[in-house]
Amino acid sequence: METVLSDIFAVESIRQDFPILNQTVHGKPLVYFDNAATTQKPRPVIEALAQYYEQFNANIHRGIHTLAERATAEYEATRDKAREFINAAHREEIVFTRGTTEGINLVAQTYGRQVLKPGDEVIISGMEHHSNIVPWQMICEQTGAKLRVIPVTDSGEIILEEYEKLLSEKTKIVAVVYVSNSLGTINPVREIIEKAHAYGAKVLLDGAQASAHLDIDVQSLDADFYVFSSHKVYGPTGVGVLYGKRELLEAMPPYQGGGEMIKDVSFEKTTYNELPYKFEAGTPNIADTVAFKAALDYVTAIGKPAVGEYEHDLLTYATGAMQEIDGLRIVGQAKEKISVVSFVMDGIHHQDIGIILDTQGIAVRTGHHCTQPLMNRFGILGTSRASFAMYNTREEIDRLVRGLHKVKKMMN
Amino acid sequence: MTINETQDEIIEEFSLFDDWEEKYEYIIDIGKKLPPLQEQFKTEDNIIKGCQSRVWLHADRDDEKVLFAGDSDAVIVKGLIALLIRVLSGHTAEEIARADLYFIDRIGMKQHLAQTRANGLLAMLKQMKLYAVAYSTMSK
Ligand SMILES: Cc1ncc(COP(=O)(O)O)c(C=O)c1O
C-alpha cells in the first residue's frame, strides 16, 4: 500500500525543482533532513527573486511610474495569496513581517501592551519555541501580568485538563504552538481556542511548523492571531505573515512608527494608515515577499493533502526503522505528529551524532532546538532531529539509518 | 618539542587518512583516551560558553610552563581538546599567546573553528590564549 502512495506522489519530479538538492557533501549525495529549521527553495521561487530585480524593482505604494505599479501589484498579490493560503476572511488581515518571531513580538507589544494589567495572565505551553516564550515574558514584566505554562506529557502532548485548570477570568492571552518544532506534535488547537474563548481570552497560534504540512483555516479554527514564516514554507527568508482578526488589528496601536504606516504627519498630530499598512512601517522586504507568492503557489499546486499524506508515510517509515536501532529513543511520541523525528542515543552526545552524519552527507539538526524548557522537561540537554519535507524519500531515510549504525560503530 | 614541531607531527599523522571517517575515528579515539578532568575542576568558571556540548578547560602553572587539562561530554570535541592540549600544554605563556595554530586547517578541521554557536573550538582556543596572557602579565 505504502509503496503505491510513494509511486503516485511525483517525488522525483519535485526533487528536480529544487536545484540545491543536486549536490554532494563530503563526497556523498546530500540528504537534507533539516527542514524544520528551514526548507529548500524550488526553482520558481529563485526565479521570482531574480525576475523582481531584473524586471521591476521599485519602491512600492508611493510611486506612480510603471515599475512601481508592477512591484506594488506583485507585492499585494502575495497578500491575496497568503489570505487564501490560511483562509483568512479579508486581505487586510494579512500583515507582512520578518517572520514568526516578529509577528509574536508585534502582538505582544501592541495587543499585549494594550490589554494586560497587573494580575492578568498569559498562558503558553511547555513545548514553546523561545520566540513564543521570551516576547511574553517581556510584556509580562512590562505590564505586571503573569506567565502560566501548560505542562506536557512524557509522550510530548499538551495536558488539556491542566490547561483548563489554568484558564480563568484573569487569562487574557493564550499563545501556543500549533506544531512543535522539537517533537512534531500537532496540538489540539481547535479545543485550545474554544476553551480560551469561553473565558474571553484571545489566542495566538505559532504556525511556524504547521504551515508547510497542514491545511490551515484560521476562520474554521477561530484563531485570533496566526503567525508563520515564509522560509519554512519553501519561500525566501526574511518574510512572514501575521494574521489577525480585523476588529482586533483595528483596535491595536501601531507597532513601529515611520513611513508607509501613516496617513498624515504633522508635528502636532499624526494619523495612522489603515490596515494592514498601519503595521508595515518603512520599505518592506519587497523582493522576498514577491517571491514568497511563488512558494505558496508551488505548495498549493502540489496540494497540501497530498504532501501531508506523503510526509506521513515518510514519518511512519522512519519511525519504524529508527526504533529498530538498539539504544535509540525517539523523543516525542504523540499520536498526532508531522514528519519530525527527534531522538537521543544511549551514551552518545547529539553533537557527535550530527558531526558524523554530516560526514555521510546527511544534514540533521542537533541541540535544544530553541526549546530549552522542553528539553529540561525531558531531562535532556538536546536531541538530534530529522525533519522531512515533500522532496525527501524513503531511500534517504535508509541512508540515515545506515548513518546512525555508523555513528554507533564509530562511537563504541 | 616546540609548538610547531608538534603541529607538524599531527599534520603528518592526519596525512595518512583517506577520508573523513578515518579522521573522525582517530579524533574519537584520542577523545576517549583523554583522561577525564577531575570533578573539582568541572566548575561553572571552567565551562567554555558558546558550545553545543559542555566543554571545560582548566589551566595550571608549573614554573614558566602553562599546563592545560580539559573535558567535554561530546567525544569529538574532546578529541579536538586533546589535540589542542597536546600542542599547547607545557609551553610558556608567551609561546602560547604567540602560537599560530595552522594545524587545524591543515588537518581539515577548520569548520570546527567556524563562528557558529554550535562549535566550541574557537571559544576554547581563545580561552587557552587568555589564560596564557593572564599568566604572562602576572609574571611580569
Ligand atoms: C515553532 C517555531 N516557532 C517560531 C520559530 C521562529 O521562526 P523565525 O525564526 O522564522 O521567526 C520557529 C523556527 O525555528 C519555530 O520552529
# chains A, B, ... in the order shown; residues from 1 in each chain; ligands from 1
call {"tool": "interface_residues", "arguments": {"of": "chain A", "to": "chain B", "cutoff": "10 Å", "atoms": "only C-alpha atoms", "output": "PyMOL selection string"}}
result
chain A and resi 26-27+347-353+355-356+358-360+366-368+381-382+406+409-412
call {"tool": "write_last_selection", "arguments": {"atoms": "C-alpha atoms", "output": "JSON list (two decimals), in the first residue's frame"}}
result
[["chain", "number", "residue", "atom", "x", "y", "z"],
["A", 26, "HIS", "CA", 31.87, 15.27, 1.74],
["A", 27, "GLY", "CA", 31.64, 13.26, -1.44],
["A", 347, "GLY", "CA", 25.83, 7.31, 25.69],
["A", 348, "ILE", "CA", 26.30, 9.34, 22.52],
["A", 349, "HIS", "CA", 26.19, 13.12, 22.52],
["A", 350, "HIS", "CA", 23.95, 14.69, 19.89],
["A", 351, "GLN", "CA", 26.82, 16.83, 18.69],
["A", 352, "ASP", "CA", 28.83, 13.71, 17.82],
["A", 353, "ILE", "CA", 25.80, 12.30, 16.01],
["A", 355, "ILE", "CA", 29.12, 15.65, 13.03],
["A", 356, "ILE", "CA", 29.35, 12.02, 11.96],
["A", 358, "ASP", "CA", 27.47, 15.27, 8.23],
["A", 359, "THR", "CA", 30.49, 13.29, 7.07],
["A", 360, "GLN", "CA", 27.94, 10.96, 5.43],
["A", 366, "THR", "CA", 21.23, 18.83, 16.92],
["A", 367, "GLY", "CA", 20.80, 20.72, 20.18],
["A", 368, "HIS", "CA", 17.89, 22.14, 22.12],
["A", 381, "LEU", "CA", 20.31, 18.72, 27.01],
["A", 382, "GLY", "CA", 19.23, 18.25, 23.44],
["A", 406, "LYS", "CA", 27.88, 4.01, 11.53],
["A", 409, "LYS", "CA", 30.08, 1.72, 15.32],
["A", 410, "MET", "CA", 32.42, 4.70, 15.41],
["A", 411, "MET", "CA", 31.46, 5.73, 18.91],
["A", 412, "ASN", "CA", 31.70, 2.33, 20.54]]
call {"tool": "residues_near_ligand", "arguments": {"ligand": "ligand 1", "cutoff": "9 Å", "atoms": "only C-alpha atoms and all ligand atoms", "output": "PyMOL selection string"}}
result
chain A and resi 36-38+98-104+127-132+177-182+206-210+227-232+237-240+369-371
call {"tool": "write_last_selection", "arguments": {"atoms": "N, CA, C and O atoms", "output": "compact mmCIF listing (two decimals), in the first residue's frame"}}
result
# COMPACT_ATOMS: atom_id res chain seq x y z
N ALA A 36 12.78 21.44 9.31
CA ALA A 36 12.06 22.20 10.33
C ALA A 36 12.80 23.50 10.62
O ALA A 36 12.20 24.47 11.08
N ALA A 37 14.09 23.53 10.36
CA ALA A 37 14.85 24.78 10.54
C ALA A 37 14.57 25.72 9.38
O ALA A 37 14.20 26.87 9.56
N THR A 38 14.73 25.21 8.18
CA THR A 38 14.30 25.95 7.00
C THR A 38 14.21 24.97 5.83
O THR A 38 14.99 24.03 5.76
N ARG A 98 8.83 40.16 9.36
CA ARG A 98 10.09 39.50 9.01
C ARG A 98 9.99 37.99 9.22
O ARG A 98 10.81 37.23 8.74
N GLY A 99 9.00 37.58 9.98
CA GLY A 99 8.87 36.15 10.25
C GLY A 99 8.02 35.92 11.49
O GLY A 99 7.46 36.85 12.07
N THR A 100 7.96 34.66 11.89
CA THR A 100 7.18 34.27 13.06
C THR A 100 7.55 35.09 14.29
O THR A 100 6.69 35.61 15.00
N THR A 101 8.84 35.19 14.52
CA THR A 101 9.33 35.90 15.70
C THR A 101 8.82 37.33 15.76
O THR A 101 8.33 37.79 16.79
N GLU A 102 8.92 38.02 14.63
CA GLU A 102 8.46 39.41 14.64
C GLU A 102 6.95 39.48 14.83
O GLU A 102 6.45 40.37 15.52
N GLY A 103 6.23 38.54 14.25
CA GLY A 103 4.78 38.53 14.41
C GLY A 103 4.38 38.41 15.88
O GLY A 103 3.48 39.11 16.36
N ILE A 104 5.05 37.51 16.59
CA ILE A 104 4.73 37.32 18.01
C ILE A 104 5.08 38.56 18.82
O ILE A 104 4.30 39.04 19.65
N MET A 127 5.94 23.38 25.48
CA MET A 127 6.72 22.99 24.31
C MET A 127 6.94 24.15 23.35
O MET A 127 7.16 23.95 22.16
N GLU A 128 6.91 25.38 23.89
CA GLU A 128 7.07 26.53 23.00
C GLU A 128 8.52 26.74 22.58
O GLU A 128 9.45 26.48 23.32
N HIS A 129 8.64 27.26 21.37
CA HIS A 129 9.92 27.78 20.86
C HIS A 129 10.24 29.05 21.66
O HIS A 129 9.32 29.76 22.09
N HIS A 130 11.51 29.33 21.85
CA HIS A 130 11.88 30.52 22.62
C HIS A 130 11.18 31.78 22.10
O HIS A 130 10.90 32.70 22.85
N SER A 131 10.89 31.80 20.81
CA SER A 131 10.27 33.01 20.26
C SER A 131 8.79 33.12 20.64
O SER A 131 8.18 34.17 20.43
N ASN A 132 8.23 32.08 21.22
CA ASN A 132 6.87 32.21 21.78
C ASN A 132 6.91 32.14 23.31
O ASN A 132 5.89 31.88 23.94
N VAL A 177 1.93 26.81 20.34
CA VAL A 177 2.49 26.35 19.09
C VAL A 177 1.52 25.34 18.47
O VAL A 177 1.01 24.45 19.16
N TYR A 178 1.22 25.49 17.20
CA TYR A 178 0.31 24.58 16.51
C TYR A 178 0.98 23.22 16.38
O TYR A 178 0.43 22.18 16.75
N VAL A 179 2.23 23.26 15.88
CA VAL A 179 3.02 22.04 15.73
C VAL A 179 4.38 22.28 16.37
O VAL A 179 5.04 23.28 16.05
N SER A 180 4.80 21.36 17.23
CA SER A 180 6.08 21.54 17.93
C SER A 180 7.26 21.29 16.99
O SER A 180 7.32 20.27 16.32
N ASN A 181 8.22 22.22 17.01
CA ASN A 181 9.39 22.05 16.15
C ASN A 181 10.34 20.98 16.67
O ASN A 181 11.05 20.35 15.90
N SER A 182 10.34 20.74 17.98
CA SER A 182 11.28 19.77 18.54
C SER A 182 10.73 18.36 18.53
O SER A 182 11.49 17.40 18.47
N ASP A 206 1.23 29.86 17.01
CA ASP A 206 2.53 29.89 16.34
C ASP A 206 2.47 28.81 15.26
O ASP A 206 2.57 27.62 15.54
N GLY A 207 2.30 29.27 14.03
CA GLY A 207 2.12 28.33 12.92
C GLY A 207 3.40 28.05 12.15
O GLY A 207 3.35 27.55 11.01
N ALA A 208 4.56 28.36 12.75
CA ALA A 208 5.83 28.23 12.03
C ALA A 208 6.00 26.84 11.43
O ALA A 208 6.38 26.69 10.27
N GLN A 209 5.71 25.80 12.22
CA GLN A 209 5.93 24.43 11.74
C GLN A 209 4.71 23.83 11.07
O GLN A 209 4.82 22.86 10.34
N ALA A 210 3.55 24.39 11.34
CA ALA A 210 2.32 23.78 10.82
C ALA A 210 2.11 24.11 9.35
O ALA A 210 1.61 23.29 8.58
N VAL A 227 0.61 33.23 13.19
CA VAL A 227 1.87 33.73 12.63
C VAL A 227 2.67 32.60 11.99
O VAL A 227 2.65 31.46 12.47
N PHE A 228 3.34 32.90 10.90
CA PHE A 228 4.25 31.92 10.30
C PHE A 228 5.32 32.60 9.48
O PHE A 228 5.27 33.80 9.24
N SER A 229 6.32 31.80 9.08
CA SER A 229 7.48 32.31 8.33
C SER A 229 7.50 31.73 6.93
O SER A 229 7.29 30.54 6.74
N SER A 230 7.81 32.56 5.97
CA SER A 230 7.93 32.11 4.58
C SER A 230 9.00 31.03 4.42
O SER A 230 8.81 30.05 3.70
N HIS A 231 10.11 31.20 5.12
CA HIS A 231 11.26 30.31 4.84
C HIS A 231 11.03 28.87 5.26
O HIS A 231 11.80 27.99 4.88
N LYS A 232 10.00 28.63 6.05
CA LYS A 232 9.71 27.24 6.41
C LYS A 232 8.63 26.65 5.50
O LYS A 232 8.21 25.51 5.67
N THR A 237 13.82 33.67 3.02
CA THR A 237 13.96 34.12 4.40
C THR A 237 13.58 35.60 4.49
O THR A 237 13.53 36.30 3.48
N GLY A 238 13.31 36.05 5.70
CA GLY A 238 13.09 37.48 5.90
C GLY A 238 11.67 37.96 5.68
O GLY A 238 11.42 39.16 5.68
N VAL A 239 10.73 37.06 5.45
CA VAL A 239 9.32 37.44 5.31
C VAL A 239 8.48 36.51 6.17
O VAL A 239 8.79 35.33 6.31
N GLY A 240 7.41 37.04 6.68
CA GLY A 240 6.48 36.21 7.41
C GLY A 240 5.12 36.86 7.38
O GLY A 240 4.95 37.96 6.85
N HIS A 369 17.07 23.00 19.98
CA HIS A 369 16.06 23.46 19.03
C HIS A 369 15.29 24.68 19.54
O HIS A 369 14.10 24.83 19.27
N CYS A 370 15.98 25.55 20.27
CA CYS A 370 15.34 26.75 20.81
C CYS A 370 14.14 26.41 21.68
O CYS A 370 13.16 27.17 21.74
N THR A 371 14.17 25.25 22.32
CA THR A 371 13.11 24.88 23.26
C THR A 371 13.76 24.34 24.53
O THR A 371 13.54 23.19 24.91
call {"tool": "residues_around", "arguments": {"residues": "A:Val11", "least_positions_apart": "4", "cutoff": "12 Å", "atoms": "only C-alpha atoms", "output": "list in words"}}
result
Leu5, Ser6, Asp7, Arg15, Gln16, Asp17, Phe18, Ile302, Ala306, Val307, Tyr310, Glu311, Leu314, Ala389, Met390, Tyr391, Asn392, Thr393, Arg394 and Glu395 of chain A
call {"tool": "write_last_selection", "arguments": {"atoms": "N, CA, C and O atoms", "output": "PDB file, in the first residue's frame"}}
result
ATOM      1  N   LEU A   5       1.524   4.666  -2.624  1.00  0.00           N
ATOM      2  CA  LEU A   5       1.453   6.089  -2.328  1.00  0.00           C
ATOM      3  C   LEU A   5       2.711   6.792  -2.836  1.00  0.00           C
ATOM      4  O   LEU A   5       2.627   7.816  -3.519  1.00  0.00           O
ATOM      5  N   SER A   6       3.881   6.238  -2.519  1.00  0.00           N
ATOM      6  CA  SER A   6       5.118   6.882  -2.952  1.00  0.00           C
ATOM      7  C   SER A   6       5.173   6.946  -4.480  1.00  0.00           C
ATOM      8  O   SER A   6       5.791   7.823  -5.058  1.00  0.00           O
ATOM      9  N   ASP A   7       4.526   5.970  -5.113  1.00  0.00           N
ATOM     10  CA  ASP A   7       4.527   5.973  -6.568  1.00  0.00           C
ATOM     11  C   ASP A   7       3.686   7.108  -7.134  1.00  0.00           C
ATOM     12  O   ASP A   7       4.085   7.778  -8.072  1.00  0.00           O
ATOM     13  N   ARG A  15      11.816  16.746  -6.785  1.00  0.00           N
ATOM     14  CA  ARG A  15      13.247  16.930  -6.478  1.00  0.00           C
ATOM     15  C   ARG A  15      13.962  17.735  -7.560  1.00  0.00           C
ATOM     16  O   ARG A  15      14.859  18.523  -7.270  1.00  0.00           O
ATOM     17  N   GLN A  16      13.518  17.530  -8.815  1.00  0.00           N
ATOM     18  CA  GLN A  16      14.121  18.280  -9.922  1.00  0.00           C
ATOM     19  C   GLN A  16      13.894  19.790  -9.769  1.00  0.00           C
ATOM     20  O   GLN A  16      14.639  20.593 -10.310  1.00  0.00           O
ATOM     21  N   ASP A  17      12.843  20.151  -9.053  1.00  0.00           N
ATOM     22  CA  ASP A  17      12.530  21.575  -8.888  1.00  0.00           C
ATOM     23  C   ASP A  17      13.414  22.248  -7.850  1.00  0.00           C
ATOM     24  O   ASP A  17      13.370  23.469  -7.707  1.00  0.00           O
ATOM     25  N   PHE A  18      14.157  21.468  -7.092  1.00  0.00           N
ATOM     26  CA  PHE A  18      14.979  22.030  -6.015  1.00  0.00           C
ATOM     27  C   PHE A  18      16.462  21.853  -6.341  1.00  0.00           C
ATOM     28  O   PHE A  18      17.075  20.842  -5.983  1.00  0.00           O
ATOM     29  N   ILE A 302       0.853  21.503  -5.735  1.00  0.00           N
ATOM     30  CA  ILE A 302       1.065  20.089  -5.393  1.00  0.00           C
ATOM     31  C   ILE A 302      -0.053  19.619  -4.472  1.00  0.00           C
ATOM     32  O   ILE A 302      -0.536  18.496  -4.583  1.00  0.00           O
ATOM     33  N   ALA A 306      -1.970  15.998  -0.322  1.00  0.00           N
ATOM     34  CA  ALA A 306      -1.061  15.011  -0.917  1.00  0.00           C
ATOM     35  C   ALA A 306       0.297  15.067  -0.227  1.00  0.00           C
ATOM     36  O   ALA A 306       0.893  14.032   0.091  1.00  0.00           O
ATOM     37  N   VAL A 307       0.786  16.272   0.012  1.00  0.00           N
ATOM     38  CA  VAL A 307       2.067  16.444   0.701  1.00  0.00           C
ATOM     39  C   VAL A 307       1.987  15.819   2.091  1.00  0.00           C
ATOM     40  O   VAL A 307       2.864  15.052   2.498  1.00  0.00           O
ATOM     41  N   TYR A 310       1.990  12.049   1.952  1.00  0.00           N
ATOM     42  CA  TYR A 310       3.310  11.528   1.595  1.00  0.00           C
ATOM     43  C   TYR A 310       4.281  11.653   2.767  1.00  0.00           C
ATOM     44  O   TYR A 310       5.008  10.714   3.101  1.00  0.00           O
ATOM     45  N   GLU A 311       4.267  12.820   3.421  1.00  0.00           N
ATOM     46  CA  GLU A 311       5.170  13.029   4.551  1.00  0.00           C
ATOM     47  C   GLU A 311       4.821  12.102   5.711  1.00  0.00           C
ATOM     48  O   GLU A 311       5.697  11.655   6.443  1.00  0.00           O
ATOM     49  N   LEU A 314       6.481   8.948   5.122  1.00  0.00           N
ATOM     50  CA  LEU A 314       7.906   9.044   5.485  1.00  0.00           C
ATOM     51  C   LEU A 314       8.077   8.941   7.003  1.00  0.00           C
ATOM     52  O   LEU A 314       8.975   8.263   7.499  1.00  0.00           O
ATOM     53  N   ALA A 389      10.609  16.854   4.427  1.00  0.00           N
ATOM     54  CA  ALA A 389       9.790  17.706   3.575  1.00  0.00           C
ATOM     55  C   ALA A 389       9.328  16.897   2.371  1.00  0.00           C
ATOM     56  O   ALA A 389       9.685  15.729   2.225  1.00  0.00           O
ATOM     57  N   MET A 390       8.565  17.545   1.516  1.00  0.00           N
ATOM     58  CA  MET A 390       7.938  16.825   0.401  1.00  0.00           C
ATOM     59  C   MET A 390       8.943  16.229  -0.581  1.00  0.00           C
ATOM     60  O   MET A 390       8.604  15.323  -1.328  1.00  0.00           O
ATOM     61  N   TYR A 391      10.191  16.738  -0.560  1.00  0.00           N
ATOM     62  CA  TYR A 391      11.175  16.222  -1.527  1.00  0.00           C
ATOM     63  C   TYR A 391      12.035  15.101  -0.964  1.00  0.00           C
ATOM     64  O   TYR A 391      12.936  14.616  -1.626  1.00  0.00           O
ATOM     65  N   ASN A 392      11.796  14.722   0.273  1.00  0.00           N
ATOM     66  CA  ASN A 392      12.592  13.632   0.864  1.00  0.00           C
ATOM     67  C   ASN A 392      12.023  12.274   0.457  1.00  0.00           C
ATOM     68  O   ASN A 392      10.878  12.181   0.018  1.00  0.00           O
ATOM     69  N   THR A 393      12.853  11.242   0.594  1.00  0.00           N
ATOM     70  CA  THR A 393      12.445   9.915   0.118  1.00  0.00           C
ATOM     71  C   THR A 393      12.768   8.845   1.160  1.00  0.00           C
ATOM     72  O   THR A 393      13.552   9.069   2.080  1.00  0.00           O
ATOM     73  N   ARG A 394      12.160   7.684   0.963  1.00  0.00           N
ATOM     74  CA  ARG A 394      12.457   6.531   1.811  1.00  0.00           C
ATOM     75  C   ARG A 394      13.921   6.119   1.685  1.00  0.00           C
ATOM     76  O   ARG A 394      14.535   5.683   2.660  1.00  0.00           O
ATOM     77  N   GLU A 395      14.472   6.239   0.475  1.00  0.00           N
ATOM     78  CA  GLU A 395      15.882   5.879   0.274  1.00  0.00           C
ATOM     79  C   GLU A 395      16.763   6.753   1.161  1.00  0.00           C
ATOM     80  O   GLU A 395      17.767   6.298   1.715  1.00  0.00           O
TER      81      GLU A 395
END
call {"tool": "select_by_dssp", "arguments": {"residues": "stretch 65-135 of chain A", "states": "alpha helix (DSSP H)", "output": "PyMOL selection string"}}
result
chain A and resi 66-86+100-107+113-115+134-135
call {"tool": "residues_around", "arguments": {"residues": "A:Leu400", "least_positions_apart": "4", "cutoff": "12 Å", "atoms": "only C-alpha atoms", "output": "number ranges by chain"}}
result
A: 30-33, 317-319, 321-322, 325, 341, 353-354, 356-364, 384-388, 392-396, 404-407
call {"tool": "residues_around", "arguments": {"residues": "B:Leu121", "least_positions_apart": "5", "cutoff": "12 Å", "atoms": "only C-alpha atoms", "output": "PyMOL selection string"}}
result
chain B and resi 48-57+70+72+76-85+101+104+109-116+126-128
call {"tool": "write_last_selection", "arguments": {"atoms": "N, CA, C and O atoms", "output": "CSV table (one decimal), in the first residue's frame"}}
result
chain,number,residue,atom,x,y,z
B,48,ILE,N,33.4,26.5,29.1
B,48,ILE,CA,33.5,27.4,27.9
B,48,ILE,C,32.1,27.7,27.4
B,48,ILE,O,31.4,26.8,26.9
B,49,LYS,N,31.7,28.9,27.4
B,49,LYS,CA,30.4,29.3,26.9
B,49,LYS,C,30.4,29.3,25.4
B,49,LYS,O,31.4,29.5,24.7
B,50,GLY,N,29.2,29.0,24.9
B,50,GLY,CA,29.0,29.1,23.4
B,50,GLY,C,29.3,27.8,22.7
B,50,GLY,O,29.4,27.8,21.5
B,51,CYS,N,29.3,26.7,23.4
B,51,CYS,CA,29.5,25.4,22.7
B,51,CYS,C,28.2,24.6,22.8
B,51,CYS,O,27.4,24.7,23.7
B,52,GLN,N,27.9,23.8,21.8
B,52,GLN,CA,26.7,23.0,21.8
B,52,GLN,C,26.9,21.9,22.9
B,52,GLN,O,25.9,21.5,23.5
B,53,SER,N,28.1,21.4,23.0
B,53,SER,CA,28.4,20.5,24.1
B,53,SER,C,29.0,21.2,25.3
B,53,SER,O,29.4,22.3,25.1
B,54,ARG,N,29.0,20.6,26.4
B,54,ARG,CA,29.7,21.2,27.5
B,54,ARG,C,31.2,21.0,27.5
B,54,ARG,O,31.6,19.8,27.3
B,55,VAL,N,31.9,22.0,27.6
B,55,VAL,CA,33.4,21.9,27.5
B,55,VAL,C,34.0,22.6,28.7
B,55,VAL,O,33.6,23.7,29.0
B,56,TRP,N,34.9,21.9,29.4
B,56,TRP,CA,35.6,22.5,30.5
B,56,TRP,C,37.1,22.6,30.2
B,56,TRP,O,37.7,21.7,29.5
B,57,LEU,N,37.7,23.7,30.6
B,57,LEU,CA,39.1,23.9,30.4
B,57,LEU,C,39.7,24.4,31.7
B,57,LEU,O,39.2,25.3,32.4
B,70,GLY,N,41.4,19.4,30.0
B,70,GLY,CA,40.1,19.7,29.5
B,70,GLY,C,39.2,18.5,29.4
B,70,GLY,O,39.6,17.4,29.6
B,72,SER,N,35.0,17.2,27.9
B,72,SER,CA,33.7,17.6,27.3
B,72,SER,C,32.8,16.4,27.4
B,72,SER,O,33.2,15.2,27.5
B,76,ILE,N,33.9,13.9,20.1
B,76,ILE,CA,34.7,14.6,19.0
B,76,ILE,C,35.3,15.8,19.5
B,76,ILE,O,36.5,16.1,19.3
B,77,VAL,N,34.6,16.6,20.2
B,77,VAL,CA,35.1,17.9,20.8
B,77,VAL,C,36.2,17.5,21.8
B,77,VAL,O,37.3,18.2,21.8
B,78,LYS,N,36.0,16.5,22.5
B,78,LYS,CA,37.1,16.0,23.5
B,78,LYS,C,38.4,15.7,22.7
B,78,LYS,O,39.5,16.0,23.2
B,79,GLY,N,38.2,15.0,21.6
B,79,GLY,CA,39.4,14.7,20.8
B,79,GLY,C,40.1,15.9,20.3
B,79,GLY,O,41.3,16.0,20.3
B,80,LEU,N,39.3,16.9,19.9
B,80,LEU,CA,39.9,18.2,19.5
B,80,LEU,C,40.6,18.9,20.6
B,80,LEU,O,41.7,19.5,20.5
B,81,ILE,N,40.0,18.8,21.8
B,81,ILE,CA,40.6,19.4,23.0
B,81,ILE,C,42.0,18.7,23.2
B,81,ILE,O,43.0,19.3,23.5
B,82,ALA,N,42.0,17.3,23.1
B,82,ALA,CA,43.2,16.6,23.3
B,82,ALA,C,44.3,17.1,22.4
B,82,ALA,O,45.5,17.2,22.8
B,83,LEU,N,43.9,17.3,21.1
B,83,LEU,CA,44.9,17.8,20.2
B,83,LEU,C,45.4,19.2,20.6
B,83,LEU,O,46.6,19.4,20.5
B,84,LEU,N,44.5,20.1,21.0
B,84,LEU,CA,45.0,21.4,21.4
B,84,LEU,C,45.9,21.3,22.6
B,84,LEU,O,46.9,22.0,22.7
B,85,ILE,N,45.5,20.4,23.5
B,85,ILE,CA,46.4,20.3,24.7
B,85,ILE,C,47.7,19.7,24.4
B,85,ILE,O,48.8,20.2,24.8
B,101,LEU,N,48.1,28.6,15.2
B,101,LEU,CA,47.7,27.2,15.1
B,101,LEU,C,47.3,26.8,13.7
B,101,LEU,O,46.1,26.6,13.4
B,104,ILE,N,45.1,23.1,12.5
B,104,ILE,CA,43.7,22.9,12.5
B,104,ILE,C,43.2,22.9,11.1
B,104,ILE,O,42.4,22.0,10.6
B,109,MET,N,40.1,20.4,9.9
B,109,MET,CA,39.1,20.6,11.0
B,109,MET,C,38.7,22.1,11.1
B,109,MET,O,38.2,22.5,12.2
B,110,LYS,N,39.0,22.9,10.1
B,110,LYS,CA,38.8,24.3,10.2
B,110,LYS,C,37.3,24.6,10.4
B,110,LYS,O,37.0,25.6,11.1
B,111,GLN,N,36.4,23.7,9.9
B,111,GLN,CA,35.0,24.1,10.1
B,111,GLN,C,34.6,24.1,11.6
B,111,GLN,O,33.6,24.7,12.0
B,112,HIS,N,35.4,23.5,12.4
B,112,HIS,CA,35.2,23.5,13.8
B,112,HIS,C,35.6,24.8,14.5
B,112,HIS,O,35.3,25.1,15.6
B,113,LEU,N,36.2,25.7,13.7
B,113,LEU,CA,36.6,27.0,14.2
B,113,LEU,C,35.5,28.0,13.7
B,113,LEU,O,35.6,29.2,14.1
B,114,ALA,N,34.5,27.5,13.0
B,114,ALA,CA,33.5,28.5,12.5
B,114,ALA,C,32.8,29.2,13.6
B,114,ALA,O,32.7,28.7,14.7
B,115,GLN,N,32.4,30.4,13.2
B,115,GLN,CA,31.8,31.3,14.2
B,115,GLN,C,30.3,30.9,14.5
B,115,GLN,O,29.5,31.8,14.5
B,116,THR,N,30.0,29.7,14.6
B,116,THR,CA,28.6,29.3,14.9
B,116,THR,C,28.6,28.9,16.3
B,116,THR,O,29.6,28.4,16.9
B,126,LYS,N,40.5,30.5,22.3
B,126,LYS,CA,40.5,31.9,22.9
B,126,LYS,C,40.8,31.8,24.3
B,126,LYS,O,41.6,32.6,24.9
B,127,GLN,N,40.1,30.9,25.0
B,127,GLN,CA,40.3,30.8,26.4
B,127,GLN,C,41.7,30.3,26.8
B,127,GLN,O,42.3,30.8,27.8
B,128,MET,N,42.3,29.4,26.0
B,128,MET,CA,43.6,29.0,26.3
B,128,MET,C,44.6,30.1,26.2
B,128,MET,O,45.5,30.3,27.0
call {"tool": "select_by_dssp", "arguments": {"residues": "stretch 20-108 of chain B", "states": "strand (DSSP E or B)", "output": "ChimeraX atom specification"}}
result
/B:47,55-62,65-72,91-92
call {"tool": "write_last_selection", "arguments": {"atoms": "C-alpha atoms", "output": "PDB file, in the first residue's frame"}}
result
ATOM      1  CA  ILE B  47      32.948  25.960  31.383  1.00  0.00           C
ATOM      2  CA  VAL B  55      33.374  21.926  27.474  1.00  0.00           C
ATOM      3  CA  TRP B  56      35.592  22.507  30.489  1.00  0.00           C
ATOM      4  CA  LEU B  57      39.091  23.881  30.422  1.00  0.00           C
ATOM      5  CA  HIS B  58      41.425  24.046  33.380  1.00  0.00           C
ATOM      6  CA  ALA B  59      44.819  25.751  33.419  1.00  0.00           C
ATOM      7  CA  ASP B  60      47.662  25.379  35.872  1.00  0.00           C
ATOM      8  CA  ARG B  61      51.238  26.541  36.126  1.00  0.00           C
ATOM      9  CA  ASP B  62      54.465  24.724  36.607  1.00  0.00           C
ATOM     10  CA  LYS B  65      55.063  26.479  31.839  1.00  0.00           C
ATOM     11  CA  VAL B  66      51.300  26.517  31.454  1.00  0.00           C
ATOM     12  CA  LEU B  67      49.556  23.169  31.765  1.00  0.00           C
ATOM     13  CA  PHE B  68      46.107  22.569  30.355  1.00  0.00           C
ATOM     14  CA  ALA B  69      43.507  19.940  31.099  1.00  0.00           C
ATOM     15  CA  GLY B  70      40.069  19.737  29.533  1.00  0.00           C
ATOM     16  CA  ASP B  71      36.979  17.667  29.103  1.00  0.00           C
ATOM     17  CA  SER B  72      33.674  17.556  27.262  1.00  0.00           C
ATOM     18  CA  HIS B  91      54.834  25.689  26.878  1.00  0.00           C
ATOM     19  CA  THR B  92      55.434  29.142  28.266  1.00  0.00           C
TER      20      THR B  92
END
call {"tool": "residues_around", "arguments": {"residues": "A:Glu92", "least_positions_apart": "5", "cutoff": "9 Å", "atoms": "only C-alpha atoms", "output": "PyMOL selection string"}}
result
chain A and resi 79+83+243+246+274-277
call {"tool": "closest_residue", "arguments": {"among": "B:Leu125, B:Ile27, B:Thr2, B:Gly90", "to": "B:Phe14", "atoms": "only C-alpha atoms"}}
result
B:Ile27
